[in-house]
Amino acid sequence: MKKSLTLVACLIMAATLFASCTEPENFIPLAYSVDGADVNAICIEVRDRMIDISSSDDEQIHISYMANSKEGYDVELSDSGVLTMASAYDKEWTDFIGIKPSDEYRRISILLPERILDSISISTTNEHIMIYSVVSAGVINVENNGGNIFFENLDVMNSLTLSIKNGDIRGTVKGSYDDFSISTEVKKGDCNLPEKSRGAKTLDVSCNNGDVMIDIVE
């Protein structure tokens, strides 16, 4: 009898704990803006967040996101003009049990003016990266694990590196095939890019368990 009561008590405690962890704390909308002329490079490194990049209608860079007391971001502009955004957590282990926040809370929207940056680096997991503006930079690095990478008219001056696991890469790059030396490593998927050794710019693509469909367009 004691064993049965103890088991019931444990189940009730576990159910109470699980219920307390399934509902995420209220998120609030936050925004960060900075003059685009003050930014030379952008580095976004987050987890389990969708990243949506589109065009700014002014000369400002705007970042919109949702956060609460346990899940947020460190956003900072260095003296050298590097704008960084990284995931920041203040969680106990029990906070990682239960359902994850709804899609609307796991989206980062970034608006960029059309200017050439030194570098852009974007990394996330388990969500999509979508770039629907003309992003121009000397060096562009995009990495995803567990989601897709979509883009239109990436404009790269020197090198473009795309890396993905368990997802697809689809998009267009400005220029011609003669501009690029192309290196691909694709496992368990299809790729439409040719291997090519000559070109002033480099295009490196790595894909594990997904397809690569990239067109280079004038």
# chains A, B, ... in the order shown; residues from 1 in each chain; ligands from 1
>>> select_by_dssp(residues="stretch 23-180 of chain A", states="helix (DSSP H, G or I)", output="ChimeraX atom specification")
/A:36-38,93-96,103-105,177-179
>>> write_last_selection(atoms="all heavy atoms", output="compact mmCIF listing (two decimals), in the first residue's frame")
# COMPACT_ATOMS: atom_id res chain seq x y z
N GLY A 36 22.74 52.37 -40.28
CA GLY A 36 23.47 51.42 -41.10
C GLY A 36 24.90 51.84 -41.39
O GLY A 36 25.78 50.99 -41.57
N ALA A 37 25.16 53.13 -41.40
CA ALA A 37 26.50 53.63 -41.68
C ALA A 37 27.49 53.28 -40.56
O ALA A 37 28.71 53.31 -40.77
CB ALA A 37 26.48 55.14 -41.90
N ASP A 38 26.97 52.96 -39.38
CA ASP A 38 27.83 52.62 -38.24
C ASP A 38 28.18 51.13 -38.18
O ASP A 38 28.95 50.72 -37.32
CB ASP A 38 27.14 53.01 -36.93
CG ASP A 38 26.96 54.52 -36.79
OD1 ASP A 38 27.76 55.26 -37.39
OD2 ASP A 38 26.01 54.94 -36.11
N TRP A 93 17.06 23.68 -15.29
CA TRP A 93 16.93 22.52 -16.16
C TRP A 93 15.47 22.19 -16.42
O TRP A 93 15.11 21.69 -17.49
CB TRP A 93 17.66 21.32 -15.57
CG TRP A 93 17.01 20.72 -14.35
CD1 TRP A 93 17.28 21.02 -13.05
CD2 TRP A 93 15.99 19.72 -14.33
NE1 TRP A 93 16.50 20.28 -12.21
CE2 TRP A 93 15.70 19.45 -12.97
CE3 TRP A 93 15.31 19.01 -15.31
CZ2 TRP A 93 14.74 18.53 -12.57
CZ3 TRP A 93 14.36 18.08 -14.92
CH2 TRP A 93 14.08 17.85 -13.55
N THR A 94 14.60 22.48 -15.45
CA THR A 94 13.18 22.17 -15.63
C THR A 94 12.53 23.05 -16.70
O THR A 94 11.50 22.68 -17.27
CB THR A 94 12.42 22.37 -14.31
OG1 THR A 94 12.70 23.68 -13.79
CG2 THR A 94 12.86 21.33 -13.29
N ASP A 95 13.16 24.20 -17.00
CA ASP A 95 12.59 25.09 -18.01
C ASP A 95 12.74 24.54 -19.42
O ASP A 95 12.11 25.01 -20.36
CB ASP A 95 13.26 26.48 -17.94
CG ASP A 95 12.94 27.20 -16.64
OD1 ASP A 95 11.78 27.13 -16.21
OD2 ASP A 95 13.86 27.81 -16.07
N PHE A 96 13.60 23.53 -19.57
CA PHE A 96 13.80 22.94 -20.88
C PHE A 96 12.85 21.77 -21.14
O PHE A 96 12.88 21.15 -22.19
CB PHE A 96 15.25 22.46 -21.04
CG PHE A 96 16.24 23.59 -21.11
CD1 PHE A 96 16.89 24.04 -19.97
CD2 PHE A 96 16.52 24.21 -22.33
CE1 PHE A 96 17.79 25.09 -20.04
CE2 PHE A 96 17.43 25.25 -22.39
CZ PHE A 96 18.07 25.70 -21.25
N ASP A 103 5.44 29.65 -32.81
CA ASP A 103 6.26 30.18 -33.91
C ASP A 103 6.42 31.70 -33.82
O ASP A 103 7.50 32.22 -34.13
CB ASP A 103 5.62 29.82 -35.25
CG ASP A 103 5.72 28.32 -35.54
OD1 ASP A 103 6.46 27.63 -34.82
OD2 ASP A 103 5.04 27.86 -36.48
N GLU A 104 5.37 32.39 -33.43
CA GLU A 104 5.43 33.86 -33.41
C GLU A 104 6.47 34.39 -32.43
O GLU A 104 6.96 35.51 -32.59
CB GLU A 104 4.05 34.42 -33.05
CG GLU A 104 3.57 34.00 -31.67
CD GLU A 104 2.15 34.45 -31.40
OE1 GLU A 104 1.91 35.67 -31.37
OE2 GLU A 104 1.29 33.57 -31.22
N TYR A 105 6.79 33.59 -31.41
CA TYR A 105 7.79 34.00 -30.43
C TYR A 105 9.20 33.60 -30.83
O TYR A 105 10.16 34.02 -30.18
CB TYR A 105 7.46 33.41 -29.06
CG TYR A 105 6.08 33.73 -28.56
CD1 TYR A 105 5.24 32.73 -28.08
CD2 TYR A 105 5.60 35.04 -28.58
CE1 TYR A 105 3.97 33.02 -27.62
CE2 TYR A 105 4.33 35.34 -28.13
CZ TYR A 105 3.52 34.33 -27.65
OH TYR A 105 2.26 34.63 -27.21
N TYR A 177 28.72 32.40 -63.64
CA TYR A 177 29.49 31.23 -63.22
C TYR A 177 30.99 31.46 -63.39
O TYR A 177 31.81 30.89 -62.65
CB TYR A 177 29.04 29.99 -64.00
CG TYR A 177 27.73 29.44 -63.50
CD1 TYR A 177 26.52 29.85 -64.05
CD2 TYR A 177 27.70 28.50 -62.47
CE1 TYR A 177 25.31 29.33 -63.59
CE2 TYR A 177 26.50 27.98 -62.00
CZ TYR A 177 25.31 28.40 -62.57
OH TYR A 177 24.12 27.91 -62.10
N ASP A 178 31.38 32.30 -64.34
CA ASP A 178 32.80 32.60 -64.53
C ASP A 178 33.40 33.33 -63.34
O ASP A 178 34.63 33.31 -63.14
CB ASP A 178 32.99 33.45 -65.79
CG ASP A 178 32.69 32.68 -67.06
OD1 ASP A 178 32.74 31.43 -67.01
OD2 ASP A 178 32.40 33.32 -68.09
N ASP A 179 32.56 33.99 -62.52
CA ASP A 179 33.06 34.74 -61.37
C ASP A 179 33.53 33.84 -60.23
O ASP A 179 34.31 34.27 -59.39
CB ASP A 179 31.97 35.67 -60.83
CG ASP A 179 31.56 36.75 -61.82
OD1 ASP A 179 32.40 37.13 -62.65
OD2 ASP A 179 30.41 37.22 -61.74
>>> residues_around(residues="stretch 152-163 of chain A", least_positions_apart="4", cutoff="9 Å", atoms="only C-alpha atoms", output="MDAnalysis selection string")
chainID A and resid 116 130:145 169:175 180 200:208 216:217
>>> write_last_selection(atoms="C-alpha atoms", output="PDB file, in the first residue's frame")
ATOM      1  CA  ILE A 116      28.026  46.619 -48.896  1.00  0.00           C
ATOM      2  CA  MET A 130      15.042  33.400 -45.285  1.00  0.00           C
ATOM      3  CA  ILE A 131      16.817  36.270 -47.048  1.00  0.00           C
ATOM      4  CA  TYR A 132      14.535  38.257 -49.327  1.00  0.00           C
ATOM      5  CA  SER A 133      16.537  41.437 -49.837  1.00  0.00           C
ATOM      6  CA  VAL A 134      19.720  42.206 -51.732  1.00  0.00           C
ATOM      7  CA  VAL A 135      22.369  41.356 -49.144  1.00  0.00           C
ATOM      8  CA  SER A 136      25.808  42.587 -50.228  1.00  0.00           C
ATOM      9  CA  ALA A 137      29.030  41.780 -48.389  1.00  0.00           C
ATOM     10  CA  GLY A 138      32.635  40.857 -48.931  1.00  0.00           C
ATOM     11  CA  VAL A 139      32.168  37.599 -47.038  1.00  0.00           C
ATOM     12  CA  ILE A 140      28.851  35.849 -46.401  1.00  0.00           C
ATOM     13  CA  ASN A 141      28.505  32.769 -44.167  1.00  0.00           C
ATOM     14  CA  VAL A 142      25.150  31.072 -43.564  1.00  0.00           C
ATOM     15  CA  GLU A 143      24.774  27.943 -41.400  1.00  0.00           C
ATOM     16  CA  ASN A 144      21.717  25.962 -40.350  1.00  0.00           C
ATOM     17  CA  ASN A 145      21.058  22.646 -38.624  1.00  0.00           C
ATOM     18  CA  ILE A 169      19.461  25.240 -49.717  1.00  0.00           C
ATOM     19  CA  ARG A 170      17.630  27.151 -52.442  1.00  0.00           C
ATOM     20  CA  GLY A 171      18.339  30.584 -53.878  1.00  0.00           C
ATOM     21  CA  THR A 172      20.027  32.896 -56.359  1.00  0.00           C
ATOM     22  CA  VAL A 173      23.442  34.540 -56.312  1.00  0.00           C
ATOM     23  CA  LYS A 174      24.272  37.638 -58.353  1.00  0.00           C
ATOM     24  CA  GLY A 175      26.975  37.324 -61.000  1.00  0.00           C
ATOM     25  CA  PHE A 180      33.190  31.784 -58.993  1.00  0.00           C
ATOM     26  CA  ALA A 200      37.924  35.377 -58.509  1.00  0.00           C
ATOM     27  CA  LYS A 201      35.222  34.619 -55.919  1.00  0.00           C
ATOM     28  CA  THR A 202      34.583  31.413 -53.987  1.00  0.00           C
ATOM     29  CA  LEU A 203      31.323  29.547 -53.430  1.00  0.00           C
ATOM     30  CA  ASP A 204      31.570  26.714 -50.879  1.00  0.00           C
ATOM     31  CA  VAL A 205      28.496  24.590 -50.161  1.00  0.00           C
ATOM     32  CA  SER A 206      28.149  21.798 -47.612  1.00  0.00           C
ATOM     33  CA  CYS A 207      24.884  19.871 -47.266  1.00  0.00           C
ATOM     34  CA  ASN A 208      24.105  16.697 -45.318  1.00  0.00           C
ATOM     35  CA  ILE A 216      23.923  32.259 -60.397  1.00  0.00           C
ATOM     36  CA  VAL A 217      22.185  35.068 -62.272  1.00  0.00           C
TER      37      VAL A 217
END
>>> residues_around(residues="A:Asn68", least_positions_apart="4", cutoff="10 Å", atoms="only C-alpha atoms", output="MDAnalysis selection string")
chainID A and resid 24:30 72:73 89:90 105
>>> closest_residue(among="A:Val186, A:Ala31, A:Ile51, A:Ile44", to="A:Gly147", atoms="only C-alpha atoms")
A:Ile51
>>> select_by_dssp(residues="stretch 146-183 of chain A", states="strand (DSSP E or B)", output="NGL selection string")
:A and (149-165 or 169-174 or 180-183)
>>> residues_around(residues="A:Ile108", least_positions_apart="4", cutoff="10 Å", atoms="only C-alpha atoms", output="VMD selection string")
chain A and resid 31 46 49 to 53 63 to 66 104 129
>>> closest_residue(among="A:Ala86, A:Ile164, A:Ile110, A:Ile120", to="A:Ile42", atoms="only C-alpha atoms")
A:Ile120
>>> atom_distance(atom1="atom CA of A:Ser33", atom2="atom CA of A:Pro113")
11.8 Å
>>> atom_distance(atom1="atom CA of A:Ser69", atom2="atom CA of A:Arg106")
14.6 Å
>>> atom_distance(atom1="atom CA of A:Glu127", atom2="atom CA of A:Glu195")
28.5 Å
